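What follows is one structure encoded as structure tokens, with my remarks underneath.
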Amino acid sequence: MSIQTNSVEIGKANKRKYFLEKVSSRVFLICALLSVISLLLIIGFVFYKGSHPFLVEGYSFIDFIFGTDWVPSEDKFGIFPMIVASIFATIGALIIGVPVGLFTAIFLAEIASKRLAKIISPAIQLLAGIPSVLYGVFGLAIIVPFLQNTFGLAKGQSLLAVILVLAIMMLPTIVTVAETAIRAVPNTYREGSLALGVSQIGTIFKVVVPAAKSGIMTAIVLGLGRAIGETMAVILVAGNSLIVPTSLTDSVRPLTTNIALEMGYAAGTHQEMLFATGIVLFSFILILNFVLAKISAKGGN
Amino acid sequence: MNILTKVKMGLLMFSLLALLSSCSSNGDSSTQASGNNGSTIAISGSTSVGPLAEKLAAKYSEQDNANIEINQIGSSAGITNAINGVSEIGMSSRDLKEEEQASGLQEVVIAYDGIVVVTHPTNQVKNLTLEQVKQIFTGEVTNWKELGGDDMEIVVVSREDGSGSRDAFQEIVDYSSGELVKSSIIASGNGNIKTTVANNKHAVGFISFEYIDETISTIDINGVKATAENVLEQNYKLSRPFLFVYKEGKLTDAGQNFIDFILSEDGQRIAAEAGAIPVK
Amino acid sequence: MRQLKDYVLRGLLWLSVLLSVAVLVMIVGYIFVKGMNLISFEFIFGDYSPTGGGGIWPMIVTTIYTIIISLVIATPIGILAALYLQEYAKQGRLVKLIRFATESLTGIPSIIYGLFGAVFFVTTLKMGMSIIAASLTLTIIVLPVIIRTTEEALKTVPQSYREGSLALGTTKLQTLYKVILPSAMPGILSGIILSIGRIVGESAAIFLTAGTVAALPESLFSSARTLTVHSYLVTQESGDIELAAAVGIVLIVIILGINISATLISKKLNKATNK
């Protein structure tokens with residue numbers, strides 16, 4: 001008798017456990033799906049808002065991309081100058097930031113003594129966490145006047161200033177990720193190369209760096225992402241002029257800046273065009289993500 | 001082991017809090033939507049009106065414990081917010097456009113203001129005609145020497161499209177946004193223009209009277225100095241009203257009281273002290 | 001010839017690291033030198049004054065609010081999501097989709113989050129420019145960070161722990177709660193701390209969702225200004241670099257504190273779990 005009730009009780013307890021297990025796994029699933037939902041919401045809202053002028057109001061998407069006039073109050077929406085500005089600024093920042101960042105990473109991983117690396121690496125990591133606004137403050141207070149005075153420019157707010165600020169900002173990202181990748185190269189590679197009589201520098205550049213290639217590429221793409229998406233630091237030093245830049249000293253308005261500058265007061269079609277600007281920016285980022293995924297897939301092999 | 005239990009407990013508390021807060025915040029949002037017009041007066045708009053409104057609000061809250069929230073986001077945005085009900089009151093530093101008036105907005109002139117053309121203190125040019133101002137801002141004149149100054153490039157600094165100061169300025173000087181010289185630096189506030197001009201000897205920009213200080217040099221228009229008296233006597237052409245706008249019937253008692261305070265003698269004295277021109 | 005090349009390359013390596021360190025020291029140094037004069041008790045704890053000379057207490061409070069709210073929402077969701085991905089899900093399309101979404105969220109620039117927050121939370125859900133709208137936007141921003149770090153931490157929990165616990169007849173849930181989560185705690189905590197850093201440093205998304213009101217927030221539905229936004233506006237509006245730098249010092253000190261506590265906590269907990 002008592003044995004029976006016991007087993008019934010156990011059965012009940014088991015059922016409850018089962019139920020709990022089932023419910024909790026559902027809850028976990030829902031939480032995991034939240035990131036998918038967020039992404040869909042973000043894409044949905046940005047694309048819905050941004051495509052509205054082209055689908056419903058009859059604006060031409062080609063004119064939007066290749067138009068050179070952006071005068072919202074006169075119903076002219078062309079973002080070609082901003083696309084060019086964004087691309088130039090990002091490429092410029094890469095040209096400066098990548099070699100310096102990469103060489104710094106190589107130095108920290110391969111050449112620096114452990115003690116030195118232990119001081120510099122965390123310092124650089126800390127700098128990755130400094131709010132981007134402060135880079136902008138620094139840019140406005142130091143880089144802009146510097147350019148103005150040193151090169152005798154009429155204005156220091158320029159493509160060059162943007163490039164310098166972005167290059168500095170991507171440094172910590174590139175250094176940190178690339179250093180980890182280089183450190184992950186197995187020691188046997190180095191030993192093998194050194195045993196063959198190759199110098200330390202030769203080993204680093206011919207064996208270690210190629211072996212860490214996919215990690216280094218990841219570092220570069222992440223740095224690129226940071227540069228192309230940066231907003232508040234850029235506003236402060238770009239000058240925000242609406243011209244297609246033809247020289248490093250022209251002041252420019254990258255895509256991000258256009259959004260932040262005008263979103264505060266835009267309404268109606270103007271606001272939707274800022275979302276369309278967001279779509280273009282988004283597309284750049286998606287392409288980058290795609291490249292990144294390709295790289296890591298390759299690295300995995 | 002001790003630490004672990006503590007952390008575990010902490011985590012538990014944390015998730016509990018999360019649940020609670022997500023519930024309560026949901027509750028809040030529904031009550032908020034219905035009763036937005038409590039004691040808080042939400043004001044947004046012009047960066048030219050903003051500083052004056054902040055000073056008025058600071059004085060006003062000494063005698064009345066109303067909570068006044070001021071967001072400086074530009075005239076057009078403030079007007080839009082007033083239409084949409086995002087803000088109770090919108091601040092504008094330009095006259096309402098037809099379509100804005102058509103959407104049932106009421107306007108109150110709280111003060112008048114002048115716009116002044118400013119340059120770097122070292123700039124030799126101290127007087128311009130309206131026509132010359134137009135030539136500068138449309139890119140017809142690109143060197144200070146053509147205006148009697150030193151031989152150096154002119155760097156035009158303008159406000160953003162949608163700024164009330166820019167709209168008013170363009171209307172009086174008589175050029176359109178499309179005509180503005182494209183290489184001009186776009187600054188998103190009066191303060192920003194002032195800083196840019198103060199740090200660049202090539203630059204020229206325009207700001208509200210309230211922002212005038214010794215870091216920049218002011219330009220006379222047609223030989224008339226940029227002063228409040230000259231605006232009142234209508235000798236100085238670059239002036240515009242400061243407006244508070246609100247949706248008809250949507251103004252709360254608190255909002256009305258604040259406007260009454262502004263139009264009172266005390267309020268107008270503060271406006272004058274802030275550099276604006278009182279409504280008579 | 002080869003030796004010359006080696007020398008040149010070695011020289012370039014030294015040059016790069018010197019350049020990096022110099023630039024970074026210059027930035028931090030500049031901000032400290034420029035802003036230090038303003039740092040005082042009244043500056044930190046004083047009320048903001050529109051006429052100048054006030055403190056930054058309202059911005060500190062706003063920053064703390066955004067941190068607490070977004071973490072309180074993002075942490076449990078993030079941890080549970082990571083548990084699902086690591087402990088429950090079978091590899092398949094769904095998991096791939098979730099991973100893809102999480103990774104994509106990491107790469108989205110904050111200005112896009114700002115656009116989304118402005119139209120979704122502020123306008124569509126009628127929250128207005130407010131702390132709550134900004135915090136919810138920030139929640140989405142830090143969610144991938146928490147999911148990722150928690151996942152990494154869960155990966156390091158040895159399989160034998162799970163097997164041992166399950167063999168004792170505990171349910172999966174009990175195993176998770178009693179065995180796996182505690183051993184993954186250092187990783188999870190450092191993820192949370194990383195998120196705090198991200199929240200403190202964020203500007204563009206907050207600028208578009210919380211607005212710029214420079215006063216102590218009355219409620220979560222008040223528009224308010226965080227430290228980063230204050231630093232930006234001060235630079236932009238008044239060009240007062242000293243003030244912007246002083247706010248910068250506060251920000252850097254917070255970030256520094258966060259980094260140090262992250263290291264300390266994970267060290268301490270690592271010791272505890274190893275016992």
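Residues are referred to by chain and number: the chain letter is A, B, ... according to the order shown in the structure tokens, the number counts from 1 in that chain, and ligands are numbered separately from 1 in the order shown.
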
Find the residues around Val207 in chain A up to 12 Å (only C-alpha atoms counted), leave out those fewer than 3 positions away in its own chain, and share them as a list in words.
->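 The contact residues come out as Ile182, Val185, Pro186, Asn187, Thr188, Tyr189, Arg190, Glu191, Gly192, Ser193, Leu194, Leu196, Val198, Ser199, Gln200, Ile201, Gly202, Thr203, Ile204, Pro210, Ala211, Ala212 and Lys213 of chain A.
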
Could the residues in this selection be saved with C-alpha atoms as a short mmCIF file (atom, residue, chain, number, x, y, z; two decimals), in the first residue's frame?
data_model
loop_
_atom_site.label_atom_id
_atom_site.label_comp_id
_atom_site.auth_asym_id
_atom_site.auth_seq_id
_atom_site.Cartn_x
_atom_site.Cartn_y
_atom_site.Cartn_z
CA ILE A 182 49.27 35.83 -34.10
CA VAL A 185 49.98 30.35 -34.26
CA PRO A 186 51.56 27.12 -32.90
CA ASN A 187 55.13 27.42 -31.72
CA THR A 188 56.23 24.51 -33.90
CA TYR A 189 55.85 26.78 -36.93
CA ARG A 190 58.34 29.24 -35.51
CA GLU A 191 60.72 26.55 -34.30
CA GLY A 192 60.65 24.79 -37.67
CA SER A 193 61.41 27.97 -39.55
CA LEU A 194 64.14 29.07 -37.16
CA LEU A 196 65.94 26.01 -41.08
CA VAL A 198 65.57 31.72 -41.24
CA SER A 199 66.03 34.90 -39.21
CA GLN A 200 63.49 35.93 -36.58
CA ILE A 201 62.08 38.70 -38.76
CA GLY A 202 61.97 36.38 -41.76
CA THR A 203 60.12 33.80 -39.70
CA ILE A 204 57.58 36.35 -38.55
CA PRO A 210 50.68 33.97 -43.24
CA ALA A 211 49.59 31.34 -40.72
CA ALA A 212 47.51 33.93 -38.85
CA LYS A 213 46.07 35.32 -42.06
#

When the cut-off is 6 Å and we count only C-alpha atoms, which residues of chain C are near chain B, given as a compact mmCIF listing (two decimals) with C-alpha atoms, in the first residue's frame?
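Now in iface12.txt:
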# COMPACT_ATOMS: atom_id res chain seq x y z
CA VAL C 72 18.31 44.05 -15.96
CA ILE C 73 16.53 43.17 -19.19
CA PRO C 76 18.58 37.17 -18.08
CA THR C 212 19.30 65.93 -24.68
CA VAL C 213 17.48 67.31 -21.64
CA GLN C 236 29.45 70.81 -30.40
CA GLU C 237 27.45 73.63 -28.87
CA SER C 238 29.81 75.64 -26.75
CA GLY C 239 33.17 74.39 -27.98

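Every residue of chain B that lies within 6 Å of chain A is listed here, counting only C-alpha atoms: Ile73, Ser76, Ala77, Lys182, Ser183, Ser184, Ile185 and Ile186 of chain B.
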
Of the candidates A:Pro131, A:Gly11, A:Gly50, A:Pro99, which one gets nearest to Val28 in chain C if we count only C-alpha atoms?
->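 Checking each candidate against Val28 in chain C, we get A:Pro131 as the closest.
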
Any idea what the distance is between CA of Ile120 in chain A and CA of Ile254 in chain C?
-> 19.7 Å

Go through C:Gly128, C:Gly211, C:Gly187, C:Gly11 one by one, measure the shortest atom-to-atom distance of each to Lys155 in chain C using only C-alpha atoms, and give the residue with the smallest value.
-> C:Gly187

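Nearest-residue note for chain A: choosing from C:Thr66, C:Asn259, C:Ser130, C:Ser219, the minimum distance belongs to C:Asn259, counting only C-alpha atoms.
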